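Coordinates from input.cif are shown below (mmCIF, C-alpha atoms).
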```cif
data_query
loop_
_atom_site.group_PDB
_atom_site.id
_atom_site.type_symbol
_atom_site.label_atom_id
_atom_site.label_comp_id
_atom_site.auth_asym_id
_atom_site.auth_seq_id
_atom_site.Cartn_x
_atom_site.Cartn_y
_atom_site.Cartn_z
ATOM 1 C CA MET K 1 -11.678 -9.216 -1.600
ATOM 2 C CA HIS K 2 -15.473 -9.201 -1.897
ATOM 3 C CA ILE K 3 -17.030 -10.029 1.438
ATOM 4 C CA ALA K 4 -20.348 -11.614 0.466
ATOM 5 C CA GLU K 5 -23.707 -10.121 1.371
ATOM 6 C CA GLY K 6 -24.615 -10.633 5.033
ATOM 7 C CA PHE K 7 -21.198 -12.070 5.900
ATOM 8 C CA LEU K 8 -20.290 -9.355 8.390
ATOM 9 C CA PRO K 9 -22.251 -9.081 11.649
ATOM 10 C CA PRO K 10 -24.584 -6.034 11.642
ATOM 11 C CA LEU K 11 -22.372 -4.036 14.013
ATOM 12 C CA HIS K 12 -19.274 -4.544 11.839
ATOM 13 C CA ALA K 13 -21.226 -3.825 8.663
ATOM 14 C CA ALA K 14 -22.492 -0.565 10.163
ATOM 15 C CA ALA K 15 -19.053 0.426 11.460
ATOM 16 C CA TRP K 16 -17.319 -0.078 8.076
ATOM 17 C CA THR K 17 -20.099 1.825 6.360
ATOM 18 C CA ALA K 18 -19.666 4.698 8.819
ATOM 19 C CA ILE K 19 -15.890 4.691 8.249
ATOM 20 C CA SER K 20 -16.104 4.581 4.450
ATOM 21 C CA LEU K 21 -18.958 7.023 3.941
ATOM 22 C CA PRO K 22 -17.000 10.244 4.649
ATOM 23 C CA PHE K 23 -14.273 9.135 2.208
ATOM 24 C CA VAL K 24 -16.842 8.536 -0.531
ATOM 25 C CA ILE K 25 -18.594 11.868 0.090
ATOM 26 C CA PHE K 26 -15.260 13.705 0.066
ATOM 27 C CA SER K 27 -14.346 11.805 -3.092
ATOM 28 C CA ALA K 28 -17.586 12.809 -4.838
ATOM 29 C CA ARG K 29 -16.867 16.458 -4.032
ATOM 30 C CA ARG K 30 -13.283 16.127 -5.292
ATOM 31 C CA VAL K 31 -14.470 14.587 -8.540
ATOM 32 C CA THR K 32 -17.053 17.370 -8.997
ATOM 33 C CA ARG K 33 -14.388 20.007 -8.387
ATOM 34 C CA LEU K 34 -11.960 18.285 -10.736
ATOM 35 C CA MET K 35 -14.609 18.322 -13.472
ATOM 36 C CA GLN K 36 -15.116 22.053 -12.983
ATOM 37 C CA ASP K 37 -11.471 23.056 -12.629
ATOM 38 C CA GLN K 38 -9.967 20.734 -15.201
ATOM 39 C CA PRO K 39 -12.730 19.600 -17.558
ATOM 40 C CA GLN K 40 -10.060 18.512 -20.046
ATOM 41 C CA THR K 41 -9.141 15.605 -17.750
ATOM 42 C CA LYS K 42 -12.706 14.286 -17.606
ATOM 43 C CA LEU K 43 -12.101 11.607 -20.200
ATOM 44 C CA LEU K 44 -8.902 10.418 -18.537
ATOM 45 C CA LEU K 45 -10.790 10.127 -15.249
ATOM 46 C CA ALA K 46 -13.433 8.023 -16.980
ATOM 47 C CA ALA K 47 -10.682 5.895 -18.522
ATOM 48 C CA SER K 48 -9.154 5.333 -15.059
ATOM 49 C CA GLY K 49 -12.536 4.181 -13.797
ATOM 50 C CA ALA K 50 -12.835 1.948 -16.866
ATOM 51 C CA PHE K 51 -9.451 0.401 -16.015
ATOM 52 C CA ALA K 52 -10.760 -0.576 -12.569
ATOM 53 C CA PHE K 53 -13.972 -1.823 -14.200
ATOM 54 C CA VAL K 54 -12.236 -4.203 -16.565
ATOM 55 C CA LEU K 55 -9.519 -5.410 -14.182
ATOM 56 C CA SER K 56 -11.927 -6.209 -11.357
ATOM 57 C CA ALA K 57 -14.056 -8.239 -13.780
ATOM 58 C CA LEU K 58 -11.167 -10.485 -14.767
ATOM 59 C CA LYS K 59 -11.076 -13.566 -12.591
ATOM 60 C CA LEU K 60 -7.651 -14.974 -13.262
ATOM 61 C CA PRO K 61 -6.230 -18.365 -12.360
ATOM 62 C CA SER K 62 -3.344 -18.343 -9.919
ATOM 63 C CA VAL K 63 -0.541 -20.831 -9.200
ATOM 64 C CA THR K 64 -2.251 -21.799 -5.928
ATOM 65 C CA GLY K 65 -5.014 -23.465 -7.943
ATOM 66 C CA SER K 66 -7.664 -20.865 -7.179
ATOM 67 C CA CYS K 67 -8.935 -17.815 -9.031
ATOM 68 C CA SER K 68 -9.049 -14.214 -7.942
ATOM 69 C CA HIS K 69 -9.230 -10.804 -9.549
ATOM 70 C CA PRO K 70 -7.080 -7.666 -9.598
ATOM 71 C CA THR K 71 -8.564 -4.375 -8.414
ATOM 72 C CA GLY K 72 -7.349 -1.838 -10.998
ATOM 73 C CA THR K 73 -7.508 1.064 -8.557
ATOM 74 C CA GLY K 74 -3.780 1.865 -8.576
ATOM 75 C CA LEU K 75 -3.804 3.660 -11.938
ATOM 76 C CA GLY K 76 -6.385 6.261 -10.954
ATOM 77 C CA ALA K 77 -4.728 6.753 -7.556
ATOM 78 C CA ILE K 78 -1.399 7.506 -9.242
ATOM 79 C CA LEU K 79 -2.920 9.865 -11.811
ATOM 80 C CA PHE K 80 -5.564 11.716 -9.799
ATOM 81 C CA GLY K 81 -4.654 11.047 -6.180
ATOM 82 C CA PRO K 82 -6.207 8.412 -3.928
ATOM 83 C CA SER K 83 -9.254 10.384 -2.798
ATOM 84 C CA VAL K 84 -10.768 10.309 -6.296
ATOM 85 C CA MET K 85 -10.738 6.510 -6.359
ATOM 86 C CA ALA K 86 -13.124 6.131 -3.399
ATOM 87 C CA LEU K 87 -16.014 7.182 -5.643
ATOM 88 C CA LEU K 88 -14.878 5.251 -8.733
ATOM 89 C CA GLY K 89 -14.226 2.092 -6.698
ATOM 90 C CA THR K 90 -17.630 2.399 -5.022
ATOM 91 C CA ILE K 91 -19.309 2.530 -8.438
ATOM 92 C CA VAL K 92 -17.523 -0.690 -9.457
ATOM 93 C CA LEU K 93 -18.452 -2.432 -6.186
ATOM 94 C CA LEU K 94 -22.061 -1.260 -6.404
ATOM 95 C CA PHE K 95 -22.356 -2.622 -9.953
ATOM 96 C CA GLN K 96 -21.068 -5.993 -8.758
ATOM 97 C CA ALA K 97 -23.213 -6.043 -5.602
ATOM 98 C CA LEU K 98 -26.444 -5.211 -7.424
ATOM 99 C CA LEU K 99 -26.047 -7.061 -10.728
ATOM 100 C CA LEU K 100 -23.695 -9.932 -9.951
ATOM 101 C CA ALA K 101 -24.539 -10.738 -6.304
ATOM 102 C CA HIS K 102 -20.793 -10.333 -5.850
ATOM 103 C CA GLY K 103 -20.059 -8.532 -2.609
ATOM 104 C CA GLY K 104 -23.142 -6.918 -1.107
ATOM 105 C CA LEU K 105 -24.906 -3.867 0.196
ATOM 106 C CA THR K 106 -24.405 -4.696 3.874
ATOM 107 C CA THR K 107 -20.709 -5.365 3.210
ATOM 108 C CA LEU K 108 -20.292 -2.472 0.758
ATOM 109 C CA GLY K 109 -18.681 -0.292 3.441
ATOM 110 C CA ALA K 110 -16.065 -2.921 4.252
ATOM 111 C CA ASN K 111 -15.383 -3.685 0.577
ATOM 112 C CA VAL K 112 -15.137 0.015 -0.272
ATOM 113 C CA PHE K 113 -12.697 0.480 2.589
ATOM 114 C CA SER K 114 -10.363 -2.261 1.305
ATOM 115 C CA MET K 115 -10.596 -1.736 -2.468
ATOM 116 C CA ALA K 116 -11.505 1.919 -2.923
ATOM 117 C CA ILE K 117 -9.776 3.534 0.070
ATOM 118 C CA VAL K 118 -6.799 1.581 1.468
ATOM 119 C CA GLY K 119 -5.676 0.111 -1.875
ATOM 120 C CA PRO K 120 -5.506 3.524 -3.622
ATOM 121 C CA TRP K 121 -3.848 5.196 -0.611
ATOM 122 C CA VAL K 122 -1.183 2.480 -0.434
ATOM 123 C CA ALA K 123 -0.618 2.765 -4.194
ATOM 124 C CA TYR K 124 -0.295 6.549 -3.918
ATOM 125 C CA ALA K 125 2.105 6.363 -0.945
ATOM 126 C CA VAL K 126 4.279 3.722 -2.628
ATOM 127 C CA PHE K 127 4.321 5.688 -5.902
ATOM 128 C CA HIS K 128 5.510 8.926 -4.322
ATOM 129 C CA GLY K 129 7.723 7.172 -1.767
ATOM 130 C CA THR K 130 9.652 5.312 -4.457
ATOM 131 C CA LEU K 131 9.847 8.345 -6.764
ATOM 132 C CA ALA K 132 11.294 10.315 -3.838
ATOM 133 C CA ILE K 133 14.216 7.900 -3.647
ATOM 134 C CA ASN K 134 14.710 8.263 -7.417
ATOM 135 C CA ALA K 135 13.283 4.940 -8.503
ATOM 136 C CA PRO K 136 12.615 4.787 -12.255
ATOM 137 C CA LEU K 137 9.024 5.713 -13.100
ATOM 138 C CA ALA K 138 8.091 2.249 -14.370
ATOM 139 C CA ILE K 139 9.320 0.620 -11.152
ATOM 140 C CA SER K 140 7.359 3.110 -9.037
ATOM 141 C CA VAL K 141 4.169 2.522 -11.017
ATOM 142 C CA PHE K 142 4.639 -1.246 -10.892
ATOM 143 C CA LEU K 143 5.229 -1.365 -7.134
ATOM 144 C CA ALA K 144 2.391 1.080 -6.449
ATOM 145 C CA ALA K 145 -0.213 -0.926 -8.372
ATOM 146 C CA MET K 146 1.037 -4.264 -7.098
ATOM 147 C CA LEU K 147 1.215 -3.313 -3.417
ATOM 148 C CA GLY K 148 -2.114 -1.446 -3.596
ATOM 149 C CA ASP K 149 -3.685 -4.653 -4.914
ATOM 150 C CA LEU K 150 -2.136 -6.794 -2.156
ATOM 151 C CA ALA K 151 -3.038 -4.239 0.526
ATOM 152 C CA THR K 152 -6.687 -4.467 -0.529
ATOM 153 C CA TYR K 153 -6.716 -8.205 0.084
ATOM 154 C CA ALA K 154 -4.778 -7.869 3.346
ATOM 155 C CA VAL K 155 -7.417 -5.404 4.584
ATOM 156 C CA THR K 156 -10.192 -7.836 3.663
ATOM 157 C CA ALA K 157 -8.413 -10.516 5.725
ATOM 158 C CA GLY K 158 -8.200 -8.013 8.596
ATOM 159 C CA GLU K 159 -11.898 -7.129 8.342
ATOM 160 C CA LEU K 160 -12.862 -10.804 8.487
ATOM 161 C CA ALA K 161 -10.436 -11.433 11.376
ATOM 162 C CA LEU K 162 -11.998 -8.615 13.419
ATOM 163 C CA ALA K 163 -15.475 -10.013 12.819
ATOM 164 C CA PHE K 164 -14.544 -13.660 13.297
ATOM 165 C CA PRO K 165 -11.599 -13.915 15.717
ATOM 166 C CA ASP K 166 -10.204 -17.358 16.340
ATOM 167 C CA PRO K 167 -11.414 -18.774 19.688
ATOM 168 C CA VAL K 168 -7.835 -19.768 20.582
ATOM 169 C CA SER K 169 -5.465 -17.423 18.773
ATOM 170 C CA GLY K 170 -7.770 -14.400 18.625
ATOM 171 C CA VAL K 171 -7.833 -11.724 15.930
ATOM 172 C CA GLY K 172 -4.153 -12.254 15.083
ATOM 173 C CA GLY K 173 -4.587 -15.962 14.462
ATOM 174 C CA ALA K 174 -7.728 -15.374 12.412
ATOM 175 C CA PHE K 175 -5.904 -12.738 10.335
ATOM 176 C CA ILE K 176 -3.147 -15.219 9.487
ATOM 177 C CA LYS K 177 -5.771 -17.786 8.515
ATOM 178 C CA PHE K 178 -7.691 -15.401 6.230
ATOM 179 C CA ALA K 179 -4.510 -13.876 4.810
ATOM 180 C CA ALA K 180 -3.391 -17.419 3.917
ATOM 181 C CA VAL K 181 -6.598 -17.814 1.875
ATOM 182 C CA TYR K 182 -6.160 -14.572 -0.073
ATOM 183 C CA LEU K 183 -2.558 -13.439 -0.336
ATOM 184 C CA PRO K 184 -0.704 -16.399 -1.937
ATOM 185 C CA THR K 185 -3.363 -16.546 -4.666
ATOM 186 C CA GLN K 186 -3.240 -12.784 -5.084
ATOM 187 C CA LEU K 187 0.520 -12.424 -5.445
ATOM 188 C CA PRO K 188 0.848 -13.351 -9.157
ATOM 189 C CA LEU K 189 -2.332 -11.396 -9.914
ATOM 190 C CA ALA K 190 -0.893 -8.342 -8.203
ATOM 191 C CA VAL K 191 2.169 -8.702 -10.442
ATOM 192 C CA ILE K 192 -0.143 -8.848 -13.484
ATOM 193 C CA GLU K 193 -1.946 -5.723 -12.269
ATOM 194 C CA GLY K 194 1.417 -3.980 -11.825
ATOM 195 C CA LEU K 195 2.492 -4.877 -15.371
ATOM 196 C CA LEU K 196 -0.786 -3.778 -16.959
ATOM 197 C CA THR K 197 -0.658 -0.489 -15.053
ATOM 198 C CA VAL K 198 2.883 0.161 -16.307
ATOM 199 C CA VAL K 199 1.789 -0.523 -19.902
ATOM 200 C CA THR K 200 -1.138 1.876 -19.519
ATOM 201 C CA VAL K 201 1.052 4.614 -18.021
ATOM 202 C CA ASN K 202 3.542 4.107 -20.883
ATOM 203 C CA LEU K 203 0.741 4.654 -23.398
ATOM 204 C CA LEU K 204 -0.501 7.718 -21.505
ATOM 205 C CA LYS K 205 3.006 9.191 -21.457
ATOM 206 C CA GLN K 206 3.152 8.783 -25.192
ATOM 207 C CA TYR K 207 -0.306 10.023 -26.149
ATOM 208 C CA SER K 208 -1.680 12.077 -23.246
ATOM 209 C CA ARG K 209 1.218 14.334 -22.358
ATOM 210 C CA ASN K 210 -1.026 17.403 -22.056
ATOM 211 C CA GLU K 211 -3.375 15.797 -19.559
ATOM 212 C CA LEU K 212 -0.581 14.332 -17.469
ATOM 213 C CA ASP K 213 1.067 17.748 -17.271
ATOM 214 C CA ASN K 214 -2.184 19.155 -15.892
ATOM 215 C CA LEU K 215 -2.408 16.565 -13.153
ATOM 216 C CA ALA K 216 -0.727 16.019 -9.836
ATOM 217 C CA PHE K 217 1.136 13.261 -11.682
ATOM 218 C CA ALA K 218 4.188 15.486 -11.573
ATOM 219 C CA LEU K 219 6.435 13.938 -14.170
ATOM 220 C CA GLY K 220 6.574 16.955 -16.423
ATOM 221 C CA GLY K 221 8.990 16.426 -19.275
ATOM 222 C CA ALA K 222 11.188 14.122 -17.212
ATOM 223 C CA LYS K 223 11.972 10.583 -18.377
ATOM 224 C CA MET Z 1 8.536 1.735 -25.909
ATOM 225 C CA LYS Z 2 6.328 -0.418 -28.099
ATOM 226 C CA ARG Z 3 8.685 -3.350 -27.612
ATOM 227 C CA THR Z 4 8.738 -2.877 -23.821
ATOM 228 C CA ASN Z 5 4.949 -2.811 -23.706
ATOM 229 C CA PHE Z 6 4.649 -5.984 -25.762
ATOM 230 C CA MET Z 7 7.127 -7.705 -23.479
ATOM 231 C CA LEU Z 8 5.268 -6.602 -20.338
ATOM 232 C CA LEU Z 9 1.972 -7.800 -21.821
ATOM 233 C CA ALA Z 10 3.567 -11.130 -22.758
ATOM 234 C CA ILE Z 11 4.777 -11.634 -19.172
ATOM 235 C CA ALA Z 12 1.308 -10.763 -17.823
ATOM 236 C CA LEU Z 13 -0.279 -13.239 -20.235
ATOM 237 C CA LEU Z 14 2.217 -15.924 -19.251
ATOM 238 C CA LEU Z 15 1.471 -15.407 -15.552
ATOM 239 C CA ALA Z 16 -2.232 -15.871 -16.263
ATOM 240 C CA ILE Z 17 -1.844 -18.940 -18.484
ATOM 241 C CA LEU Z 18 0.920 -20.784 -16.644
ATOM 242 C CA PRO Z 19 -1.282 -21.886 -13.692
ATOM 243 C CA LEU Z 20 -3.559 -23.661 -16.176
ATOM 244 C CA LEU Z 21 -0.673 -25.564 -17.746
ATOM 245 C CA LEU Z 22 1.159 -26.501 -14.563
ATOM 246 C CA PRO Z 23 -0.037 -29.611 -12.737
ATOM 247 C CA ALA Z 24 -2.685 -28.511 -10.230
ATOM 248 C CA PRO Z 25 -1.600 -28.498 -6.587
ATOM 249 C CA ASN Z 26 -2.600 -31.745 -4.897
ATOM 250 C CA GLY Z 27 -5.522 -32.093 -2.536
ATOM 251 C CA LEU Z 28 -7.727 -29.433 -4.102
ATOM 252 C CA LYS Z 29 -11.410 -30.155 -3.713
ATOM 253 C CA GLU Z 30 -12.321 -27.854 -6.543
ATOM 254 C CA PRO Z 31 -9.647 -26.672 -8.968
ATOM 255 C CA PHE Z 32 -9.582 -22.905 -9.594
ATOM 256 C CA ALA Z 33 -12.370 -21.977 -7.205
ATOM 257 C CA GLY Z 34 -12.770 -18.279 -6.449
ATOM 258 C CA ALA Z 35 -10.689 -16.885 -3.588
ATOM 259 C CA ASP Z 36 -13.680 -14.759 -2.540
ATOM 260 C CA ASP Z 37 -15.756 -17.910 -2.061
ATOM 261 C CA GLN Z 38 -12.889 -19.598 -0.236
ATOM 262 C CA GLY Z 39 -12.730 -16.655 2.159
ATOM 263 C CA MET Z 40 -16.442 -17.017 2.938
ATOM 264 C CA ASN Z 41 -15.991 -20.781 3.310
ATOM 265 C CA ALA Z 42 -13.238 -20.134 5.850
ATOM 266 C CA VAL Z 43 -15.751 -18.024 7.802
ATOM 267 C CA THR Z 44 -18.448 -20.704 7.811
ATOM 268 C CA THR Z 45 -15.970 -23.503 8.579
ATOM 269 C CA SER Z 46 -14.591 -21.795 11.668
ATOM 270 C CA ASN Z 47 -17.972 -20.308 12.700
ATOM 271 C CA PRO Z 48 -20.544 -22.971 11.786
ATOM 272 C CA ASP Z 49 -23.197 -21.077 13.774
ATOM 273 C CA TYR Z 50 -22.909 -17.913 11.716
ATOM 274 C CA GLN Z 51 -25.868 -17.258 9.461
ATOM 275 C CA PRO Z 52 -25.605 -14.507 6.825
ATOM 276 C CA TRP Z 53 -28.317 -12.097 7.941
ATOM 277 C CA PHE Z 54 -28.977 -10.466 4.610
ATOM 278 C CA ASN Z 55 -29.363 -11.894 1.127
ATOM 279 C CA PRO Z 56 -28.560 -10.264 -2.205
ATOM 280 C CA LEU Z 57 -31.564 -8.323 -3.493
ATOM 281 C CA TRP Z 58 -31.117 -9.959 -6.875
ATOM 282 C CA GLU Z 59 -28.975 -12.823 -8.047
ATOM 283 C CA PRO Z 60 -28.186 -13.782 -11.619
ATOM 284 C CA PRO Z 61 -30.578 -16.696 -12.233
ATOM 285 C CA SER Z 62 -27.814 -18.899 -13.685
ATOM 286 C CA GLY Z 63 -24.078 -19.140 -14.230
ATOM 287 C CA GLU Z 64 -24.712 -18.158 -17.849
ATOM 288 C CA VAL Z 65 -26.358 -14.884 -16.896
ATOM 289 C CA GLU Z 66 -23.626 -14.227 -14.362
ATOM 290 C CA GLY Z 67 -21.028 -14.810 -17.087
ATOM 291 C CA LEU Z 68 -22.912 -12.409 -19.337
ATOM 292 C CA LEU Z 69 -22.849 -9.652 -16.725
ATOM 293 C CA PHE Z 70 -19.165 -10.167 -15.932
ATOM 294 C CA ALA Z 71 -18.400 -10.028 -19.654
ATOM 295 C CA LEU Z 72 -20.488 -6.859 -19.867
ATOM 296 C CA GLN Z 73 -18.492 -5.282 -17.055
ATOM 297 C CA ALA Z 74 -15.191 -6.133 -18.755
ATOM 298 C CA ALA Z 75 -16.486 -4.998 -22.151
ATOM 299 C CA LEU Z 76 -17.678 -1.631 -20.840
ATOM 300 C CA GLY Z 77 -14.327 -1.036 -19.149
ATOM 301 C CA ALA Z 78 -12.189 -2.204 -22.056
ATOM 302 C CA GLY Z 79 -14.375 -0.342 -24.559
ATOM 303 C CA LEU Z 80 -14.053 2.989 -22.802
ATOM 304 C CA LEU Z 81 -10.327 2.503 -22.173
ATOM 305 C CA GLY Z 82 -9.752 1.589 -25.820
ATOM 306 C CA TYR Z 83 -11.814 4.560 -27.000
ATOM 307 C CA TYR Z 84 -9.760 6.922 -24.837
ATOM 308 C CA LEU Z 85 -6.356 5.587 -25.936
ATOM 309 C CA GLY Z 86 -7.391 5.453 -29.597
ATOM 310 C CA LEU Z 87 -8.689 9.005 -29.486
ATOM 311 C CA ARG Z 88 -5.520 10.379 -27.890
ATOM 312 C CA ARG Z 89 -3.271 8.419 -30.213
ATOM 313 C CA GLY Z 90 -5.089 9.859 -33.214
ATOM 314 C CA GLN Z 91 -4.894 13.363 -31.795
ATOM 315 C CA SER Z 92 -1.180 13.128 -31.065
ATOM 316 C CA GLN Z 93 -0.551 11.880 -34.622
ATOM 317 C CA THR Z 94 -2.543 14.794 -36.038
ATOM 318 C CA ARG Z 95 -0.494 17.202 -33.931
ATOM 319 C CA GLN Z 96 2.750 15.691 -35.219
ATOM 320 C CA GLN Z 97 1.492 15.910 -38.776
ATOM 321 C CA ASP Z 98 0.555 19.566 -38.248
ATOM 322 C CA ARG Z 99 4.043 20.280 -36.965
ATOM 323 C CA VAL Z 100 5.586 18.622 -40.008
ATOM 324 C CA ASP Z 101 3.256 20.596 -42.319
ATOM 325 C CA ALA Z 102 4.027 23.858 -40.522
ATOM 326 C CA GLY Z 103 7.746 23.183 -40.899
ATOM 327 C CA ASP Z 104 7.503 22.935 -44.685
#
```

Please rewrite the model in this file as structure tokens.
Amino acid sequence: MHIAEGFLPPLHAAAWTAISLPFVIFSARRVTRLMQDQPQTKLLLAASGAFAFVLSALKLPSVTGSCSHPTGTGLGAILFGPSVMALLGTIVLLFQALLLAHGGLTTLGANVFSMAIVGPWVAYAVFHGTLAINAPLAISVFLAAMLGDLATYAVTAGELALAFPDPVSGVGGAFIKFAAVYLPTQLPLAVIEGLLTVVTVNLLKQYSRNELDNLAFALGGAK
Amino acid sequence: MKRTNFMLLAIALLLAILPLLLPAPNGLKEPFAGADDQGMNAVTTSNPDYQPWFNPLWEPPSGEVEGLLFALQAALGAGLLGYYLGLRRGQSQTRQQDRVDAGD
């Protein structure tokens, strides 16, 4: 989902930056407030960021014969709400843009929008949507992380399609072309991300009951 | 719970390893290339006139250094995550022990 440096025309780069910036600023304020109101969850927040750090560094082979990486943003979105992940995801993307030449500064806005904003929001919506229809917790967590991961890559395909529409079939045709590059490869990786997120939530349920009870993660003593 | 987690991890591992064991799909120019690069290639193929207008400020000087930095990213993440889970596991065991002691 990393759009490489300079690979979006200046106007698109500026527009995505303008769209993402308010989310990141809001996120920074939410994180600051969370630290003040619930300092006991600080370490769990750091651990959620660490989860995104490690998962987005793992380039995994896929059945399509190419490699891609998970995003790891679903866990934090489930635990702390999606707005917190905008900041954590931006930190991950900045690390990769500056030290790995992976992604870029001009495309940071677009990459933040897909990985740190839409992915977490989709994960959060799926998590609460499935819990509302009484899905078991593990299934909700799995679907949330998996679909958040896929949504991130679908948004990247959309961003590229808007910038580089197909001369014949337009934005729609270009979207299908870019989605065909990303999504088949991503599918098994999204499943892996879902499984790893479930394992992590299982461990948290076992060892971090107090913190979970303090969070919006409203499972209480259930299940 | 422990058994479930091990099973989930085993499935995840299998999903990651299986593509390497299966015969590679035919007609691949470069096996297991990065999807991110393929996306950018799709841009340049369909828009041969497009020139990236900005270059990374710094690039790892070699694949080795790049590998080092990716490993560093994974190690930092895994280290912190492991520290957190280990700490909480220890604390929850201490709490249980305290409860047992208090019950005596």

Using the chain letters and numbers from the file, which residues does the PyMOL selection byres ((chain Z) within 7 of (chain K)) grab, as a PDB file with C-alpha atoms, in the coordinates of the input?
```
ATOM      1  CA  ASN Z   5       4.949  -2.811 -23.706  1.00  0.00           C
ATOM      2  CA  LEU Z   8       5.268  -6.602 -20.338  1.00  0.00           C
ATOM      3  CA  LEU Z   9       1.972  -7.800 -21.821  1.00  0.00           C
ATOM      4  CA  ALA Z  12       1.308 -10.763 -17.823  1.00  0.00           C
ATOM      5  CA  LEU Z  15       1.471 -15.407 -15.552  1.00  0.00           C
ATOM      6  CA  ALA Z  16      -2.232 -15.871 -16.263  1.00  0.00           C
ATOM      7  CA  PRO Z  19      -1.282 -21.886 -13.692  1.00  0.00           C
ATOM      8  CA  ALA Z  24      -2.685 -28.511 -10.230  1.00  0.00           C
ATOM      9  CA  PRO Z  25      -1.600 -28.498  -6.587  1.00  0.00           C
ATOM     10  CA  PRO Z  31      -9.647 -26.672  -8.968  1.00  0.00           C
ATOM     11  CA  PHE Z  32      -9.582 -22.905  -9.594  1.00  0.00           C
ATOM     12  CA  ALA Z  33     -12.370 -21.977  -7.205  1.00  0.00           C
ATOM     13  CA  GLY Z  34     -12.770 -18.279  -6.449  1.00  0.00           C
ATOM     14  CA  ALA Z  35     -10.689 -16.885  -3.588  1.00  0.00           C
ATOM     15  CA  ASP Z  36     -13.680 -14.759  -2.540  1.00  0.00           C
ATOM     16  CA  GLN Z  38     -12.889 -19.598  -0.236  1.00  0.00           C
ATOM     17  CA  GLY Z  39     -12.730 -16.655   2.159  1.00  0.00           C
ATOM     18  CA  PRO Z  52     -25.605 -14.507   6.825  1.00  0.00           C
ATOM     19  CA  TRP Z  53     -28.317 -12.097   7.941  1.00  0.00           C
ATOM     20  CA  PHE Z  54     -28.977 -10.466   4.610  1.00  0.00           C
ATOM     21  CA  ASN Z  55     -29.363 -11.894   1.127  1.00  0.00           C
ATOM     22  CA  PRO Z  56     -28.560 -10.264  -2.205  1.00  0.00           C
ATOM     23  CA  TRP Z  58     -31.117  -9.959  -6.875  1.00  0.00           C
ATOM     24  CA  GLU Z  59     -28.975 -12.823  -8.047  1.00  0.00           C
ATOM     25  CA  PRO Z  60     -28.186 -13.782 -11.619  1.00  0.00           C
ATOM     26  CA  GLU Z  66     -23.626 -14.227 -14.362  1.00  0.00           C
ATOM     27  CA  LEU Z  69     -22.849  -9.652 -16.725  1.00  0.00           C
ATOM     28  CA  PHE Z  70     -19.165 -10.167 -15.932  1.00  0.00           C
ATOM     29  CA  GLN Z  73     -18.492  -5.282 -17.055  1.00  0.00           C
ATOM     30  CA  ALA Z  74     -15.191  -6.133 -18.755  1.00  0.00           C
ATOM     31  CA  GLY Z  77     -14.327  -1.036 -19.149  1.00  0.00           C
ATOM     32  CA  ALA Z  78     -12.189  -2.204 -22.056  1.00  0.00           C
ATOM     33  CA  LEU Z  80     -14.053   2.989 -22.802  1.00  0.00           C
ATOM     34  CA  LEU Z  81     -10.327   2.503 -22.173  1.00  0.00           C
ATOM     35  CA  TYR Z  84      -9.760   6.922 -24.837  1.00  0.00           C
ATOM     36  CA  ARG Z  88      -5.520  10.379 -27.890  1.00  0.00           C
ATOM     37  CA  ARG Z  89      -3.271   8.419 -30.213  1.00  0.00           C
ATOM     38  CA  SER Z  92      -1.180  13.128 -31.065  1.00  0.00           C
TER      39      SER Z  92
END
```

Gap from atom CA of K:Ala151 to atom CA of K:Ala135 - Å, one decimal: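 Taking atom CA of K:Ala151 and atom CA of K:Ala135, their separation equals 20.8 Å.
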
Coordinates-based distance that separates atom CA of K:Thr197 from atom CA of K:Phe142 (Å, one decimal):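 Distance between the two atoms: 6.8 Å.
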
Nearest to K:Arg29, chosen from K:Leu147, K:Val118, K:Val84, K:Ala14, with all atoms listed in the file counted in the distances: K:Val84

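Reported to one decimal place, the separation of atom CA of Z:Leu76 from atom CA of K:Ala86 is 19.6 Å.
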
Which of K:Val201, K:Gly172, K:Val112, K:Phe80 sits closest to K:Ile139 [using only C-alpha atoms]: K:Val201

Please produce stretch 89-96 of chain Z, completed to N, CA and C atoms, as an mmCIF file, keeping the file's coordinate frame.
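out23.cif, freshly written:
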```cif
data_model
loop_
_atom_site.group_PDB
_atom_site.id
_atom_site.type_symbol
_atom_site.label_atom_id
_atom_site.label_comp_id
_atom_site.auth_asym_id
_atom_site.auth_seq_id
_atom_site.Cartn_x
_atom_site.Cartn_y
_atom_site.Cartn_z
ATOM 1 N N ARG Z 89 -4.313 8.797 -29.263
ATOM 2 C CA ARG Z 89 -3.271 8.419 -30.213
ATOM 3 C C ARG Z 89 -3.508 9.149 -31.535
ATOM 4 N N GLY Z 90 -4.760 9.154 -31.978
ATOM 5 C CA GLY Z 90 -5.089 9.859 -33.214
ATOM 6 C C GLY Z 90 -4.770 11.340 -33.110
ATOM 7 N N GLN Z 91 -5.134 11.922 -31.971
ATOM 8 C CA GLN Z 91 -4.894 13.363 -31.795
ATOM 9 C C GLN Z 91 -3.411 13.676 -31.788
ATOM 10 N N SER Z 92 -2.607 12.814 -31.127
ATOM 11 C CA SER Z 92 -1.180 13.128 -31.065
ATOM 12 C C SER Z 92 -0.542 12.953 -32.443
ATOM 13 N N GLN Z 93 -1.075 12.031 -33.250
ATOM 14 C CA GLN Z 93 -0.551 11.880 -34.622
ATOM 15 C C GLN Z 93 -0.901 13.088 -35.476
ATOM 16 N N THR Z 94 -2.140 13.605 -35.285
ATOM 17 C CA THR Z 94 -2.543 14.794 -36.038
ATOM 18 C C THR Z 94 -1.647 15.973 -35.685
ATOM 19 N N ARG Z 95 -1.359 16.090 -34.359
ATOM 20 C CA ARG Z 95 -0.494 17.202 -33.931
ATOM 21 C C ARG Z 95 0.875 17.112 -34.586
ATOM 22 N N GLN Z 96 1.434 15.869 -34.607
ATOM 23 C CA GLN Z 96 2.750 15.691 -35.219
ATOM 24 C C GLN Z 96 2.717 16.058 -36.698
#
```
